[in-house]
Protein chains: 2
Amino acid sequence: MTKSTKVNAAILIIGNEILSGRTQDTNTSTIALWLNSIGVKVQEVRIIPDIEDIIIHTVNKLRKSNDYVFTTGGIGPTHDDITAESISKAFDLKYEIHKEAYKILENYYKPGEFNEGRQKMIWMPKDANLILNPTSGAPGFSVENVFCLPGVPSILKSMIGGLKNEITGGEPILSCTISLRTVESEIASSLTEIQNNNKEVEIGSYPFFQAGKLGVSIVMRSVDQSKIDVCSSKVFELANKKKIEVVSR
Amino acid sequence: MTKSTKVNAAILIIGNEILSGRTQDTNTSTIALWLNSIGVKVQEVRIIPDIEDIIIHTVNKLRKSNDYVFTTGGIGPTHDDITAESISKAFDLKYEIHKEAYKILENYYKPGEFNEGRQKMIWMPKDANLILNPTSGAPGFSVENVFCLPGVPSILKSMIGGLKNEITGGEPILSCTISLRTVESEIASSLTEIQNNNKEVEIGSYPFFQAGKLGVSIVMRSVDQSKIDVCSSKVFELANKKKIEVVSR
């Protein structure tokens with residue numbers, strides 16, 4: 001893949017507990033930050049319930065419009081863990097015992113502990129590639145461009161490091177943040193001008209409230225550091241002209 | 001609307017800062033918990049970038065397949081705040097100055113403070129209904145079944161209380177959580193049986209790690225308390241039979 005290729009991904013969070021609000025999703029941010037660092041841009045995220053038809057339909061839609069799809073959740077041992085079977089159906093593959101996963105879990109658990117519930121976790125789409133799990137044994141898996149990870153954030157975090165060689169990123173997406181002691185409305189028109197003159201940099205403006213004081217973080221993102229530098233010098237000029245304190249850069 | 005009607009909603013998070021992983025979304029959980037409490041079930045969440053075509057397309061899709069749509073983000077004063085204009089286009093409405101919003105902000109700001117940037121926040125789809133903002137003045141708005149809220153979590157929280165009379169919910173979705181000192185695989189087959197015998201209760205199983213100990217929360221959700229009660233007594237029976245400690249209920 002050449003350096004100028006744009007590579008994008010979708011994240012699909014599978015789980016009623018996120019839709020009900022009971023659990024706060026943190027996996028999106030974990031996966032997105034990691035993907036950015038290897039030159040993959042997340043272009044959409046969907047959160048859907050544990051319903052087979054919806055999982056199949058959504059995976060089939062996303063895998064066609066993205067270079068990569070990352071799913072989280074639904075690969076544990078209980079009845080509501082239906083991701084592996086749904087992915088099998090999405091790809092029209094047999095849902096069967098994965099021999100390598102079987103060996104891994106047979107070694108991982110003490111004799112007698114590899115019970116019926118845990119044996120559910122070795123059922124996968126035929127010939128799936130395993131994603132190793134250094135935390136709790138049970139692997140995730142991938143089929144073509146769809147990578148299935150668990151929902152528990154600490155386990156997910158421990159697994160994505162091992163995926164690096166499976167993902168071919170484009171140019172890393174670079175970013176620069178300048179935080180100003182101001183409010184958005186004060187800098188809005190100047191910022192519009194900077195954005196209009198620098199279309200290849202994505203400029204975002206995010207108000208914050210920290211230690212009792214208001215501020216605005218200007219985030220500039222691009223694959224080209226020199227273009228970010230042009231924008232950041234314009235932001236410093238703007239701050240200087242309006243006598244706005246630069247809180248951090 | 002009769003008491004047995006199911007009412008559903010979608011949440012649409014608009015913002016590059018969430019997709020890049022820089023900012024952790026917390027609004028989904030806030031909105032979902034509130035909607036549950038008034039009998040509205042969130043059936044999907046999407047996170048999309050600040051791109052007009054994508055906002056228009058997604059809003060038009062979601063508003064047709066859901067009773068309500070709640071958007072967050074993109075209604076501030078800067079160039080990347082394009083939600084109001086995009087919603088105007090989605091509904092084929094004029095994007096214009098909203099007289100009531102103008103009055104609100106003219107009163108809110110001190111003389112001379114109602115500058116060009118802030119005046120952007122009074123531009124809305126023609127005849128939009130305002131959603132009042134007790135925290136920072138600038139109102140959100142709704143058009144038909146689409147409710148547009150800001151991205152800043154504290155401001156969003158202060159605004160949803162005022163929406164209660166605008167939303168007609170169905171039966172409240174009740175839930176009961178029982179936390180057990182066990183691991184999922186230990187209870188998976190019994191839980192499958194309980195779920196199979198109680199199809200009208202949505203039973204979820206969520207492992208946790210707290211104060212150095214593993215456990216599993218069993219969450220039972222239904223509009224019918226008596227059906228939840230049947231399931232929870234089955235879970236207690238299961239714990240009793242397997243000598244599993246009940247951590248909380």
# chains A, B, ... in the order shown; residues from 1 in each chain; ligands from 1
>>> calpha_fit_and_write(fixed="chain A", moving="chain B", output="PDB file with C-alpha atoms, in the first residue's frame")
ATOM      1  CA  MET B   1      -0.177  -0.035  -0.176  1.00  0.00           C
ATOM      2  CA  THR B   2       1.378   3.293  -1.097  1.00  0.00           C
ATOM      3  CA  LYS B   3       1.993   5.994   1.450  1.00  0.00           C
ATOM      4  CA  SER B   4      -0.676   8.312   0.088  1.00  0.00           C
ATOM      5  CA  THR B   5      -3.517   5.813   0.402  1.00  0.00           C
ATOM      6  CA  LYS B   6      -6.265   6.687   2.827  1.00  0.00           C
ATOM      7  CA  VAL B   7      -7.250   3.740   4.964  1.00  0.00           C
ATOM      8  CA  ASN B   8     -10.476   3.802   6.927  1.00  0.00           C
ATOM      9  CA  ALA B   9     -12.302   1.699   9.444  1.00  0.00           C
ATOM     10  CA  ALA B  10     -15.605   1.310  11.209  1.00  0.00           C
ATOM     11  CA  ILE B  11     -16.117   0.277  14.805  1.00  0.00           C
ATOM     12  CA  LEU B  12     -19.150  -1.803  15.696  1.00  0.00           C
ATOM     13  CA  ILE B  13     -20.018  -1.970  19.374  1.00  0.00           C
ATOM     14  CA  ILE B  14     -22.323  -4.928  20.026  1.00  0.00           C
ATOM     15  CA  GLY B  15     -24.170  -4.910  23.322  1.00  0.00           C
ATOM     16  CA  ASN B  16     -27.479  -4.138  24.986  1.00  0.00           C
ATOM     17  CA  GLU B  17     -25.612  -2.858  28.057  1.00  0.00           C
ATOM     18  CA  ILE B  18     -24.232   0.078  26.068  1.00  0.00           C
ATOM     19  CA  LEU B  19     -27.579   0.912  24.440  1.00  0.00           C
ATOM     20  CA  SER B  20     -29.362   0.858  27.790  1.00  0.00           C
ATOM     21  CA  GLY B  21     -26.841   3.326  29.185  1.00  0.00           C
ATOM     22  CA  ARG B  22     -25.899   0.947  31.986  1.00  0.00           C
ATOM     23  CA  THR B  23     -22.323   0.674  30.729  1.00  0.00           C
ATOM     24  CA  GLN B  24     -20.299   3.538  29.342  1.00  0.00           C
ATOM     25  CA  ASP B  25     -18.464   2.522  26.157  1.00  0.00           C
ATOM     26  CA  THR B  26     -14.740   3.234  26.348  1.00  0.00           C
ATOM     27  CA  ASN B  27     -13.588   0.847  23.610  1.00  0.00           C
ATOM     28  CA  THR B  28     -14.320   3.299  20.792  1.00  0.00           C
ATOM     29  CA  SER B  29     -11.749   5.717  22.098  1.00  0.00           C
ATOM     30  CA  THR B  30      -9.167   2.955  22.745  1.00  0.00           C
ATOM     31  CA  ILE B  31      -9.512   1.508  19.244  1.00  0.00           C
ATOM     32  CA  ALA B  32      -9.686   4.897  17.490  1.00  0.00           C
ATOM     33  CA  LEU B  33      -6.535   6.242  19.166  1.00  0.00           C
ATOM     34  CA  TRP B  34      -4.642   3.072  18.278  1.00  0.00           C
ATOM     35  CA  LEU B  35      -5.884   3.089  14.671  1.00  0.00           C
ATOM     36  CA  ASN B  36      -4.938   6.747  14.240  1.00  0.00           C
ATOM     37  CA  SER B  37      -1.427   5.952  15.383  1.00  0.00           C
ATOM     38  CA  ILE B  38      -1.056   3.400  12.587  1.00  0.00           C
ATOM     39  CA  GLY B  39      -2.639   5.555   9.882  1.00  0.00           C
ATOM     40  CA  VAL B  40      -6.207   4.274   9.886  1.00  0.00           C
ATOM     41  CA  LYS B  41      -9.064   6.753  10.189  1.00  0.00           C
ATOM     42  CA  VAL B  42     -12.293   5.746  11.897  1.00  0.00           C
ATOM     43  CA  GLN B  43     -15.110   7.019   9.714  1.00  0.00           C
ATOM     44  CA  GLU B  44     -18.064   5.691  11.625  1.00  0.00           C
ATOM     45  CA  VAL B  45     -19.092   3.913  14.793  1.00  0.00           C
ATOM     46  CA  ARG B  46     -22.313   2.051  15.378  1.00  0.00           C
ATOM     47  CA  ILE B  47     -23.706   0.641  18.587  1.00  0.00           C
ATOM     48  CA  ILE B  48     -26.249  -2.133  18.091  1.00  0.00           C
ATOM     49  CA  PRO B  49     -28.121  -4.646  20.269  1.00  0.00           C
ATOM     50  CA  ASP B  50     -27.398  -8.372  20.712  1.00  0.00           C
ATOM     51  CA  ILE B  51     -29.777  -9.328  17.897  1.00  0.00           C
ATOM     52  CA  GLU B  52     -28.512 -11.725  15.237  1.00  0.00           C
ATOM     53  CA  ASP B  53     -30.216 -10.207  12.188  1.00  0.00           C
ATOM     54  CA  ILE B  54     -29.020  -6.734  13.077  1.00  0.00           C
ATOM     55  CA  ILE B  55     -25.440  -7.913  13.642  1.00  0.00           C
ATOM     56  CA  ILE B  56     -25.384  -9.764  10.300  1.00  0.00           C
ATOM     57  CA  HIS B  57     -26.890  -6.875   8.369  1.00  0.00           C
ATOM     58  CA  THR B  58     -24.638  -4.245   9.951  1.00  0.00           C
ATOM     59  CA  VAL B  59     -21.415  -6.246   9.567  1.00  0.00           C
ATOM     60  CA  ASN B  60     -22.198  -6.926   5.917  1.00  0.00           C
ATOM     61  CA  LYS B  61     -22.844  -3.253   5.293  1.00  0.00           C
ATOM     62  CA  LEU B  62     -19.775  -1.950   7.123  1.00  0.00           C
ATOM     63  CA  ARG B  63     -17.285  -4.464   5.758  1.00  0.00           C
ATOM     64  CA  LYS B  64     -18.078  -3.382   2.214  1.00  0.00           C
ATOM     65  CA  SER B  65     -17.688   0.346   2.818  1.00  0.00           C
ATOM     66  CA  ASN B  66     -14.608   0.227   5.053  1.00  0.00           C
ATOM     67  CA  ASP B  67     -11.102  -1.179   4.759  1.00  0.00           C
ATOM     68  CA  TYR B  68     -11.429  -2.634   8.242  1.00  0.00           C
ATOM     69  CA  VAL B  69     -14.202  -3.327  10.722  1.00  0.00           C
ATOM     70  CA  PHE B  70     -13.592  -3.860  14.430  1.00  0.00           C
ATOM     71  CA  THR B  71     -16.368  -5.352  16.525  1.00  0.00           C
ATOM     72  CA  THR B  72     -16.416  -5.419  20.314  1.00  0.00           C
ATOM     73  CA  GLY B  73     -18.532  -7.567  22.588  1.00  0.00           C
ATOM     74  CA  GLY B  74     -20.476 -10.782  22.437  1.00  0.00           C
ATOM     75  CA  ILE B  75     -17.666 -13.360  22.312  1.00  0.00           C
ATOM     76  CA  GLY B  76     -17.882 -14.675  25.860  1.00  0.00           C
ATOM     77  CA  PRO B  77     -19.429 -17.887  27.210  1.00  0.00           C
ATOM     78  CA  THR B  78     -23.042 -16.870  27.883  1.00  0.00           C
ATOM     79  CA  HIS B  79     -26.307 -17.042  25.910  1.00  0.00           C
ATOM     80  CA  ASP B  80     -26.146 -13.340  24.967  1.00  0.00           C
ATOM     81  CA  ASP B  81     -22.729 -13.821  23.319  1.00  0.00           C
ATOM     82  CA  ILE B  82     -23.797 -14.293  19.727  1.00  0.00           C
ATOM     83  CA  THR B  83     -21.139 -12.421  17.764  1.00  0.00           C
ATOM     84  CA  ALA B  84     -19.171 -15.459  16.532  1.00  0.00           C
ATOM     85  CA  GLU B  85     -22.262 -17.251  15.242  1.00  0.00           C
ATOM     86  CA  SER B  86     -23.594 -14.050  13.650  1.00  0.00           C
ATOM     87  CA  ILE B  87     -20.274 -13.358  11.890  1.00  0.00           C
ATOM     88  CA  SER B  88     -20.303 -16.938  10.561  1.00  0.00           C
ATOM     89  CA  LYS B  89     -23.706 -16.290   9.055  1.00  0.00           C
ATOM     90  CA  ALA B  90     -22.670 -12.875   7.704  1.00  0.00           C
ATOM     91  CA  PHE B  91     -19.843 -14.545   5.752  1.00  0.00           C
ATOM     92  CA  ASP B  92     -21.857 -17.694   5.022  1.00  0.00           C
ATOM     93  CA  LEU B  93     -19.261 -19.814   6.810  1.00  0.00           C
ATOM     94  CA  LYS B  94     -19.756 -22.863   8.966  1.00  0.00           C
ATOM     95  CA  TYR B  95     -19.862 -22.119  12.724  1.00  0.00           C
ATOM     96  CA  GLU B  96     -17.634 -24.798  14.203  1.00  0.00           C
ATOM     97  CA  ILE B  97     -15.018 -25.729  16.763  1.00  0.00           C
ATOM     98  CA  HIS B  98     -11.731 -23.966  16.041  1.00  0.00           C
ATOM     99  CA  LYS B  99      -8.959 -26.497  16.677  1.00  0.00           C
ATOM    100  CA  GLU B 100      -6.248 -23.995  17.547  1.00  0.00           C
ATOM    101  CA  ALA B 101      -8.564 -22.123  19.935  1.00  0.00           C
ATOM    102  CA  TYR B 102      -9.423 -25.474  21.519  1.00  0.00           C
ATOM    103  CA  LYS B 103      -5.747 -26.200  22.157  1.00  0.00           C
ATOM    104  CA  ILE B 104      -5.146 -22.741  23.596  1.00  0.00           C
ATOM    105  CA  LEU B 105      -7.991 -22.992  26.081  1.00  0.00           C
ATOM    106  CA  GLU B 106      -7.265 -26.607  26.956  1.00  0.00           C
ATOM    107  CA  ASN B 107      -3.768 -25.483  27.994  1.00  0.00           C
ATOM    108  CA  TYR B 108      -4.988 -22.283  29.636  1.00  0.00           C
ATOM    109  CA  TYR B 109      -7.443 -23.837  32.058  1.00  0.00           C
ATOM    110  CA  LYS B 110      -6.641 -26.255  34.871  1.00  0.00           C
ATOM    111  CA  PRO B 111      -7.907 -29.810  34.374  1.00  0.00           C
ATOM    112  CA  GLY B 112     -11.679 -29.895  34.867  1.00  0.00           C
ATOM    113  CA  GLU B 113     -12.048 -26.129  34.458  1.00  0.00           C
ATOM    114  CA  PHE B 114     -12.577 -26.220  30.695  1.00  0.00           C
ATOM    115  CA  ASN B 115     -16.317 -26.607  31.176  1.00  0.00           C
ATOM    116  CA  GLU B 116     -19.304 -26.370  28.832  1.00  0.00           C
ATOM    117  CA  GLY B 117     -19.593 -22.582  29.115  1.00  0.00           C
ATOM    118  CA  ARG B 118     -15.943 -22.046  28.290  1.00  0.00           C
ATOM    119  CA  GLN B 119     -16.146 -24.482  25.390  1.00  0.00           C
ATOM    120  CA  LYS B 120     -18.611 -22.108  23.735  1.00  0.00           C
ATOM    121  CA  MET B 121     -15.681 -19.736  23.221  1.00  0.00           C
ATOM    122  CA  ILE B 122     -13.920 -22.103  20.797  1.00  0.00           C
ATOM    123  CA  TRP B 123     -16.841 -22.040  18.367  1.00  0.00           C
ATOM    124  CA  MET B 124     -15.996 -19.674  15.515  1.00  0.00           C
ATOM    125  CA  PRO B 125     -16.470 -19.111  11.791  1.00  0.00           C
ATOM    126  CA  LYS B 126     -14.609 -21.841   9.843  1.00  0.00           C
ATOM    127  CA  ASP B 127     -10.906 -21.048   9.346  1.00  0.00           C
ATOM    128  CA  ALA B 128     -11.077 -17.768  11.298  1.00  0.00           C
ATOM    129  CA  ASN B 129      -7.714 -16.239  12.211  1.00  0.00           C
ATOM    130  CA  LEU B 130      -7.207 -16.052  15.946  1.00  0.00           C
ATOM    131  CA  ILE B 131      -6.454 -12.857  17.834  1.00  0.00           C
ATOM    132  CA  LEU B 132      -4.489 -13.872  20.885  1.00  0.00           C
ATOM    133  CA  ASN B 133      -5.578 -12.844  24.355  1.00  0.00           C
ATOM    134  CA  PRO B 134      -2.717 -12.400  26.820  1.00  0.00           C
ATOM    135  CA  THR B 135      -5.084 -11.478  29.667  1.00  0.00           C
ATOM    136  CA  SER B 136      -7.729 -14.145  29.942  1.00  0.00           C
ATOM    137  CA  GLY B 137      -6.995 -16.863  27.403  1.00  0.00           C
ATOM    138  CA  ALA B 138     -10.043 -16.886  25.133  1.00  0.00           C
ATOM    139  CA  PRO B 139      -8.966 -15.531  21.744  1.00  0.00           C
ATOM    140  CA  GLY B 140     -10.800 -13.136  19.457  1.00  0.00           C
ATOM    141  CA  PHE B 141     -10.812 -13.802  15.735  1.00  0.00           C
ATOM    142  CA  SER B 142     -10.877 -12.215  12.327  1.00  0.00           C
ATOM    143  CA  VAL B 143     -12.510 -13.138   9.039  1.00  0.00           C
ATOM    144  CA  GLU B 144     -11.287 -11.189   6.006  1.00  0.00           C
ATOM    145  CA  ASN B 145     -11.384  -7.515   7.075  1.00  0.00           C
ATOM    146  CA  VAL B 146     -13.557  -7.987  10.170  1.00  0.00           C
ATOM    147  CA  PHE B 147     -11.802  -8.223  13.550  1.00  0.00           C
ATOM    148  CA  CYS B 148     -13.814  -9.414  16.535  1.00  0.00           C
ATOM    149  CA  LEU B 149     -12.691  -8.329  19.971  1.00  0.00           C
ATOM    150  CA  PRO B 150     -14.185  -8.756  23.432  1.00  0.00           C
ATOM    151  CA  GLY B 151     -16.195  -6.081  25.208  1.00  0.00           C
ATOM    152  CA  VAL B 152     -14.250  -5.976  28.483  1.00  0.00           C
ATOM    153  CA  PRO B 153     -12.012  -2.894  28.057  1.00  0.00           C
ATOM    154  CA  SER B 154      -8.923  -4.212  29.866  1.00  0.00           C
ATOM    155  CA  ILE B 155      -8.916  -7.441  27.841  1.00  0.00           C
ATOM    156  CA  LEU B 156      -9.516  -5.588  24.581  1.00  0.00           C
ATOM    157  CA  LYS B 157      -6.596  -3.263  25.324  1.00  0.00           C
ATOM    158  CA  SER B 158      -4.263  -6.189  25.873  1.00  0.00           C
ATOM    159  CA  MET B 159      -5.260  -7.740  22.531  1.00  0.00           C
ATOM    160  CA  ILE B 160      -4.978  -4.869  20.068  1.00  0.00           C
ATOM    161  CA  GLY B 161      -1.196  -4.648  20.377  1.00  0.00           C
ATOM    162  CA  GLY B 162      -0.955  -8.079  18.758  1.00  0.00           C
ATOM    163  CA  LEU B 163      -2.977  -6.940  15.744  1.00  0.00           C
ATOM    164  CA  LYS B 164      -0.448  -4.466  14.397  1.00  0.00           C
ATOM    165  CA  ASN B 165       0.926  -6.779  11.724  1.00  0.00           C
ATOM    166  CA  GLU B 166      -2.560  -7.607  10.472  1.00  0.00           C
ATOM    167  CA  ILE B 167      -3.460  -4.000   9.667  1.00  0.00           C
ATOM    168  CA  THR B 168      -1.924  -2.047   6.810  1.00  0.00           C
ATOM    169  CA  GLY B 169      -2.345   1.620   7.590  1.00  0.00           C
ATOM    170  CA  GLY B 170      -1.902   4.640   5.362  1.00  0.00           C
ATOM    171  CA  GLU B 171      -0.012   7.725   6.336  1.00  0.00           C
ATOM    172  CA  PRO B 172      -0.254   8.333  10.067  1.00  0.00           C
ATOM    173  CA  ILE B 173      -2.777  11.019  10.932  1.00  0.00           C
ATOM    174  CA  LEU B 174      -0.847  13.707  12.789  1.00  0.00           C
ATOM    175  CA  SER B 175      -2.416  16.156  15.170  1.00  0.00           C
ATOM    176  CA  CYS B 176      -1.547  19.269  17.100  1.00  0.00           C
ATOM    177  CA  THR B 177      -3.620  20.795  19.892  1.00  0.00           C
ATOM    178  CA  ILE B 178      -3.368  24.392  21.075  1.00  0.00           C
ATOM    179  CA  SER B 179      -5.433  25.373  24.091  1.00  0.00           C
ATOM    180  CA  LEU B 180      -6.401  28.989  24.490  1.00  0.00           C
ATOM    181  CA  ARG B 181      -7.878  30.897  27.419  1.00  0.00           C
ATOM    182  CA  THR B 182     -10.869  32.192  25.509  1.00  0.00           C
ATOM    183  CA  VAL B 183     -14.386  31.251  24.438  1.00  0.00           C
ATOM    184  CA  GLU B 184     -15.309  29.876  21.018  1.00  0.00           C
ATOM    185  CA  SER B 185     -17.335  32.872  19.904  1.00  0.00           C
ATOM    186  CA  GLU B 186     -14.283  35.143  20.370  1.00  0.00           C
ATOM    187  CA  ILE B 187     -12.210  33.243  17.812  1.00  0.00           C
ATOM    188  CA  ALA B 188     -14.905  31.715  15.582  1.00  0.00           C
ATOM    189  CA  SER B 189     -14.564  34.027  12.581  1.00  0.00           C
ATOM    190  CA  SER B 190     -10.721  33.968  12.585  1.00  0.00           C
ATOM    191  CA  LEU B 191     -10.794  30.178  12.859  1.00  0.00           C
ATOM    192  CA  THR B 192     -13.215  29.943   9.926  1.00  0.00           C
ATOM    193  CA  GLU B 193     -10.726  31.951   7.871  1.00  0.00           C
ATOM    194  CA  ILE B 194      -7.832  29.669   8.856  1.00  0.00           C
ATOM    195  CA  GLN B 195      -9.920  26.604   7.977  1.00  0.00           C
ATOM    196  CA  ASN B 196     -10.986  28.069   4.613  1.00  0.00           C
ATOM    197  CA  ASN B 197      -7.374  28.812   3.681  1.00  0.00           C
ATOM    198  CA  ASN B 198      -6.160  25.370   4.777  1.00  0.00           C
ATOM    199  CA  LYS B 199      -8.627  22.824   3.455  1.00  0.00           C
ATOM    200  CA  GLU B 200      -6.277  19.882   3.896  1.00  0.00           C
ATOM    201  CA  VAL B 201      -6.124  20.327   7.645  1.00  0.00           C
ATOM    202  CA  GLU B 202      -9.159  19.316   9.670  1.00  0.00           C
ATOM    203  CA  ILE B 203      -9.557  21.990  12.328  1.00  0.00           C
ATOM    204  CA  GLY B 204     -11.775  21.321  15.313  1.00  0.00           C
ATOM    205  CA  SER B 205     -12.682  23.652  18.139  1.00  0.00           C
ATOM    206  CA  TYR B 206     -13.589  22.212  21.538  1.00  0.00           C
ATOM    207  CA  PRO B 207     -14.567  24.266  24.575  1.00  0.00           C
ATOM    208  CA  PHE B 208     -13.356  23.024  27.964  1.00  0.00           C
ATOM    209  CA  PHE B 209     -13.818  23.953  31.601  1.00  0.00           C
ATOM    210  CA  GLN B 210     -10.829  23.156  33.765  1.00  0.00           C
ATOM    211  CA  ALA B 211      -9.840  24.278  37.252  1.00  0.00           C
ATOM    212  CA  GLY B 212     -12.679  26.786  37.237  1.00  0.00           C
ATOM    213  CA  LYS B 213     -11.689  28.440  33.972  1.00  0.00           C
ATOM    214  CA  LEU B 214     -13.108  28.291  30.469  1.00  0.00           C
ATOM    215  CA  GLY B 215     -10.926  27.615  27.474  1.00  0.00           C
ATOM    216  CA  VAL B 216     -10.959  26.281  23.926  1.00  0.00           C
ATOM    217  CA  SER B 217      -8.775  23.549  22.455  1.00  0.00           C
ATOM    218  CA  ILE B 218      -8.004  23.942  18.776  1.00  0.00           C
ATOM    219  CA  VAL B 219      -7.198  20.548  17.279  1.00  0.00           C
ATOM    220  CA  MET B 220      -5.530  20.412  13.875  1.00  0.00           C
ATOM    221  CA  ARG B 221      -5.311  17.066  12.096  1.00  0.00           C
ATOM    222  CA  SER B 222      -3.639  16.144   8.814  1.00  0.00           C
ATOM    223  CA  VAL B 223      -1.261  13.620   7.294  1.00  0.00           C
ATOM    224  CA  ASP B 224       1.073  16.539   6.460  1.00  0.00           C
ATOM    225  CA  GLN B 225       2.983  18.071   9.383  1.00  0.00           C
ATOM    226  CA  SER B 226       4.015  21.150   7.398  1.00  0.00           C
ATOM    227  CA  LYS B 227       0.362  21.972   6.735  1.00  0.00           C
ATOM    228  CA  ILE B 228      -0.441  21.589  10.416  1.00  0.00           C
ATOM    229  CA  ASP B 229       2.491  23.912  11.179  1.00  0.00           C
ATOM    230  CA  VAL B 230       1.072  26.600   8.888  1.00  0.00           C
ATOM    231  CA  CYS B 231      -2.252  26.435  10.747  1.00  0.00           C
ATOM    232  CA  SER B 232      -0.734  26.408  14.201  1.00  0.00           C
ATOM    233  CA  SER B 233       1.349  29.504  13.443  1.00  0.00           C
ATOM    234  CA  LYS B 234      -1.869  31.185  12.299  1.00  0.00           C
ATOM    235  CA  VAL B 235      -3.538  30.213  15.595  1.00  0.00           C
ATOM    236  CA  PHE B 236      -0.607  31.699  17.553  1.00  0.00           C
ATOM    237  CA  GLU B 237      -0.856  34.885  15.475  1.00  0.00           C
ATOM    238  CA  LEU B 238      -4.564  35.058  16.243  1.00  0.00           C
ATOM    239  CA  ALA B 239      -3.935  34.598  19.993  1.00  0.00           C
ATOM    240  CA  ASN B 240      -1.231  37.249  19.917  1.00  0.00           C
ATOM    241  CA  LYS B 241      -3.384  39.748  18.037  1.00  0.00           C
ATOM    242  CA  LYS B 242      -6.374  39.261  20.349  1.00  0.00           C
ATOM    243  CA  LYS B 243      -4.162  39.109  23.485  1.00  0.00           C
ATOM    244  CA  ILE B 244      -5.438  35.598  24.309  1.00  0.00           C
ATOM    245  CA  GLU B 245      -3.355  33.503  26.701  1.00  0.00           C
ATOM    246  CA  VAL B 246      -2.007  30.219  25.285  1.00  0.00           C
ATOM    247  CA  VAL B 247      -2.705  27.626  28.010  1.00  0.00           C
ATOM    248  CA  SER B 248      -0.913  24.720  26.422  1.00  0.00           C
ATOM    249  CA  ARG B 249       0.452  23.641  23.073  1.00  0.00           C
TER     250      ARG B 249
END
>>> select_by_dssp(residues="stretch 40-174 of chain B", states="helix (DSSP H, G or I)", output="PyMOL selection string")
chain B and resi 52-65+83-90+99-108+116-122+153-166
>>> select_by_dssp(residues="stretch 151-240 of chain B", states="strand (DSSP E or B)", output="list in words")
Leu174, Ser175, Cys176, Thr177, Ile178, Ser179, Leu180, Glu202, Ile203, Gly204, Ser205, Tyr206, Pro207, Phe208, Phe209, Gln210, Lys213, Leu214, Gly215, Val216, Ser217, Ile218, Val219, Met220, Arg221 and Ser222 of chain B
